[in-house]
Amino acid sequence: MAGRERAFDLVIRGGTVFDGSGAPGREADVAVKDGRIAAVGAVSGSGAEEIDARGRIITPGFVDIHTHYDGQVTWDSRLTPSAWHGVTTAVMGNCGVGFAPCRPEDHDRLIRLMEGVEDIPHPVLAEGLPWNWESYPDYLQSLSGRAYDLDVGAQLPHAALRVFVMGERGANREPASPADIAAMAALAKRAMEAGALGFSTSRTLNHRTSDGQPTPTLTAAEDELMGIALGLKAAGRGVLQFVSDFADPKAEFGLMRRLVEASGRPLSFSLLQGPRAPNAWRDLLAALSSATAEGLPMRAQVCGRGVGVLLGFELTLNPFSHTEAWKSVAALPLEQRMARLAEASFRAALLDDAVPPGGAAIASRLTRDWDNMFLMAETPDYEPRREDSIGALARARGVAPEAVALEHMMTRGGRGMLYLPFLNYADGGLDPAYDMLRHPDCVAGLSDGGAHVGMICDGSFPTTNLTLWARDRTRGPRLPLEHMIRLQTRATAETVGLLDRGLVAPGLRADLNVIDFDRLAVEPPTVGYDLPAGGRRLLQRARGYVATLVAGQVTYRDGEPTGALPGRLVRGAQDAPAALAAE
């Protein structure tokens with residue numbers, strides 16, 4: 001009957017459902033009602049809207065538990081680039097950096113820390129942050145009235161907490177007193193009760209303020225971390241998130257293990273393969289396996305491609321950044337820089353100019369590492385071959401590698417980019433990532449969506465995880481599609497306690513992706529100038545996402561926003577529906 005009420009708000013018809021559990025795909029319809037999945041299988045009732053998914057796959061929305069949208073959520077409703085890559089829940093506040101709690105006199109200090117650690121420019125944050133909070137609950141309250149294109153969860157950052165309690169002493173990494181620790185524990189408990197998903201800390205020298213100072217949490221002692229963990233225990237909620245250099249892997253893992261044993265709270269940590277200790281990750285995985293075998297809730301966050309940087313004339317760094325010739329034009333608008341680069345005499349001076357003796361370490365260590373640097377093509381290759389490196393290309397052509405780099409960066413009107421992977425890219429390939437991704441105690445993470453806006457664009461990790469590992473890899477074994485989907489849906493949701501999502505099952509949130517898997521691909525990174533104060537950021541789109549749904553509403557169709565903004569702040573862990581919990 002034409003006027004009959006439809007049984008469902010939306011029905012996705014005839015797709016291959018990969019439900020997030022790790023089970024193989026099966027053909028089914030998915031019905032949605034009131035923001036929840038109402039039925040999975042042969043659905044006879046009609047929907048007010050229907051999506052033809054024949055020849056496509058249906059997945060849960062991706063749950064990205066390692067992002068840095070802490071600033072962007074205060075001024076933007078669209079959390080791109082993550083929203084372009086099927087992400088329907090993003091967890092921010094990682095690596096111990098964020099903006100709450102914060103006293104007014106410490107605004108600039110936390111901005112400089114975020115600028116240094118996550119490469120988000122000071123003017124962007126200074127103009128964009130409304131600072132209509134001081135306590136952590138106030139920060140959550142300021143977000144609770146905002147609408148987004150995906151759900152956001154927040155974690156309490158250790159650096160902000162430490163500076164809030166200890167002031168200058170905290171920023172200078174002085175030991176916390178018993179009174180300091182008690183105050184941090186109480187604030188951590190209050191933050192969890194207000195809706196924080198957890199607490200994060202950083203113990204790596206790679207994290208520094210924009211003026212070069214180490215992060216305030218670098219040397220925080222065990223009694224401080226234990227006090228905070230026990231604050232989470234007192235609240236009865238919240239997860240712990242760690243990033244560390246693991247200079248002494250046994251000691252550092254032992255510390256994390258003791259925190260979990262004492263607090264009972266789940267913990268995840270960043271795990272990467274690096275050139276300084278190329279096999280340390282194996283020891284950490286062995287220690288993790290031992291801990292989980294004894295029932296400790298610990299996970300490693302791993303990523304499916306090399307972690308590195310993008311270099312270019314429009315970006316934070318390029319191979320000539322530390323030359324006097326480049327410094328003479330670096331402050332000019334791109335068009336004027338390119339006008340100078342069009343002059344043969346200037347290009348010759350740039351190529352002849354050497355990095356000054358004693359120049360910045362990053363110049364010698366990163367921006368001239370020719371045998372590990374690659375041309376970013378129109379079809380990005382995230383497992384490039386060493387024989388395609390700039391160094392190898394230069395030797396084959398009989399020219400200087402600087403000339404190869406310069407030629408490529410001059411393409412696309414000066415927007416050509418170079419790719420330099422330096423973590424997970426061992427011996428010219430991603431075999432360490434393969435081993436991590438198939439380990440039962442690892443989950444997909446470390447996208448850093450919203451951060452490193454002038455050097456990295458890893459918010460596209462969720463798409464690469466599917467295309468590279470389940471379809472395109474030629475330089476080693478692949479992984480089943482159902483496994484890769486589970487790693488960034490149910491596995492990540494469970495890691496942070498969001499049990500109401502991450503599966504295609506009745507009663508769960510209707511956060512879903514409809515994907516043309518044959519066409520799925522990441523596009524090359526580009527640069528946009530859409531941040532506050534006209535700030536620059538790297539962006540990377542994808543092809544193949546037919547539709548993305550958040551709470552039952554279609555937010556993106558074929559990569560374009562629909563205007564729907566059903567995403568909200570998620571306050572704390574979320575229970576599974578009663579029917580699912582009973583299984």
# chains A, B, ... in the order shown; residues from 1 in each chain; ligands from 1
$ residues_around --residues "range 391-398 of chain A" --least-positions-apart "5" --cutoff "7 Å" --atoms "only C-alpha atoms" --output "ChimeraX atom specification"
/A:370-371,404
$ residues_around --residues "Ala330 in chain A" --least-positions-apart "2" --cutoff "12 Å" --atoms "only C-alpha atoms" --output "list in words"
Gly312, Phe313, Glu314, Leu315, Thr316, Leu317, Asn318, Phe320, Ser321, His322, Thr323, Glu324, Ala325, Trp326, Lys327, Ser328, Leu332, Pro333, Leu334, Glu335, Gln336, Arg337, Met338, Arg340 and Leu341 of chain A
$ write_last_selection --atoms "C-alpha atoms" --output "short mmCIF file (atom, residue, chain, number, x, y, z; two decimals), in the first residue's frame"
data_model
loop_
_atom_site.label_atom_id
_atom_site.label_comp_id
_atom_site.auth_asym_id
_atom_site.auth_seq_id
_atom_site.Cartn_x
_atom_site.Cartn_y
_atom_site.Cartn_z
CA GLY A 312 57.68 18.95 -0.18
CA PHE A 313 57.92 22.63 -0.97
CA GLU A 314 54.45 23.17 0.52
CA LEU A 315 55.16 21.16 3.69
CA THR A 316 57.05 21.58 6.95
CA LEU A 317 60.23 19.97 5.60
CA ASN A 318 61.92 19.25 2.30
CA PHE A 320 66.59 21.65 1.07
CA SER A 321 64.95 23.07 4.21
CA HIS A 322 68.23 23.67 6.00
CA THR A 323 70.10 25.24 3.10
CA GLU A 324 70.72 28.96 2.97
CA ALA A 325 69.24 29.12 -0.54
CA TRP A 326 65.91 27.70 0.63
CA LYS A 327 65.84 29.83 3.76
CA SER A 328 65.99 32.92 1.54
CA LEU A 332 57.35 33.57 0.61
CA PRO A 333 53.95 32.33 -0.61
CA LEU A 334 54.18 29.12 -2.63
CA GLU A 335 53.60 30.91 -5.92
CA GLN A 336 56.53 33.26 -5.30
CA ARG A 337 58.72 30.38 -4.19
CA MET A 338 57.89 28.59 -7.41
CA ARG A 340 62.18 31.68 -7.91
CA LEU A 341 62.50 27.94 -8.52
#
$ residues_around --residues "Leu284 in chain A" --least-positions-apart "6" --cutoff "10 Å" --atoms "only C-alpha atoms" --output "NGL selection string"
:A and (246 or 249-250 or 252-253 or 271 or 290 or 300)
$ write_last_selection --atoms "N, CA and C atoms" --output "PDB file, in the first residue's frame"
ATOM      1  N   PHE A 246      60.731   2.738  24.908  1.00  0.00           N
ATOM      2  CA  PHE A 246      61.134   1.377  25.294  1.00  0.00           C
ATOM      3  C   PHE A 246      62.657   1.218  25.235  1.00  0.00           C
ATOM      4  N   PRO A 249      63.208  -2.278  27.207  1.00  0.00           N
ATOM      5  CA  PRO A 249      61.883  -2.886  27.001  1.00  0.00           C
ATOM      6  C   PRO A 249      61.387  -3.703  28.190  1.00  0.00           C
ATOM      7  N   LYS A 250      62.270  -4.467  28.818  1.00  0.00           N
ATOM      8  CA  LYS A 250      61.852  -5.314  29.937  1.00  0.00           C
ATOM      9  C   LYS A 250      61.361  -4.477  31.104  1.00  0.00           C
ATOM     10  N   GLU A 252      60.345  -1.276  31.040  1.00  0.00           N
ATOM     11  CA  GLU A 252      59.173  -0.468  30.698  1.00  0.00           C
ATOM     12  C   GLU A 252      57.916  -1.317  30.644  1.00  0.00           C
ATOM     13  N   PHE A 253      58.017  -2.492  30.042  1.00  0.00           N
ATOM     14  CA  PHE A 253      56.838  -3.358  30.015  1.00  0.00           C
ATOM     15  C   PHE A 253      56.477  -3.809  31.428  1.00  0.00           C
ATOM     16  N   LEU A 271      53.146   0.084  19.418  1.00  0.00           N
ATOM     17  CA  LEU A 271      54.199  -0.872  19.088  1.00  0.00           C
ATOM     18  C   LEU A 271      54.620  -0.681  17.639  1.00  0.00           C
ATOM     19  N   SER A 290      52.614 -13.204  27.183  1.00  0.00           N
ATOM     20  CA  SER A 290      52.684 -13.776  28.526  1.00  0.00           C
ATOM     21  C   SER A 290      51.670 -13.115  29.450  1.00  0.00           C
ATOM     22  N   ALA A 300      48.444  -4.146  22.162  1.00  0.00           N
ATOM     23  CA  ALA A 300      49.376  -3.276  21.436  1.00  0.00           C
ATOM     24  C   ALA A 300      48.632  -2.640  20.275  1.00  0.00           C
TER      25      ALA A 300
END
$ select_by_dssp --residues "range 20-54 of chain A" --states "strand (DSSP E or B)" --output "PyMOL selection string"
chain A and resi 26-33+36-41+47-52
$ residues_around --residues "range 7-21 of chain A" --least-positions-apart "2" --cutoff "8 Å" --atoms "only C-alpha atoms" --output "PyMOL selection string"
chain A and resi 5+23-34+38+45-60+482+485-486+489-490+502-505+552
$ select_by_dssp --residues "range 230-422 of chain A" --states "helix (DSSP H, G or I)" --output "MDAnalysis selection string"
chainID A and resid 230:235 249:263 280:293 324:327 334:341 344:352 361:365 370:372 386:388 390:397 401:409 411:414
$ residues_around --residues "Pro216 in chain A" --least-positions-apart "4" --cutoff "9 Å" --atoms "only C-alpha atoms" --output "ChimeraX atom specification"
/A:158-160,162-163,170-174,202,208,220
$ closest_residue --among "A:Ala348, A:Ile37, A:Ala154, A:Leu110" --to "Asp511 in chain A" --atoms "only C-alpha atoms"
A:Ile37
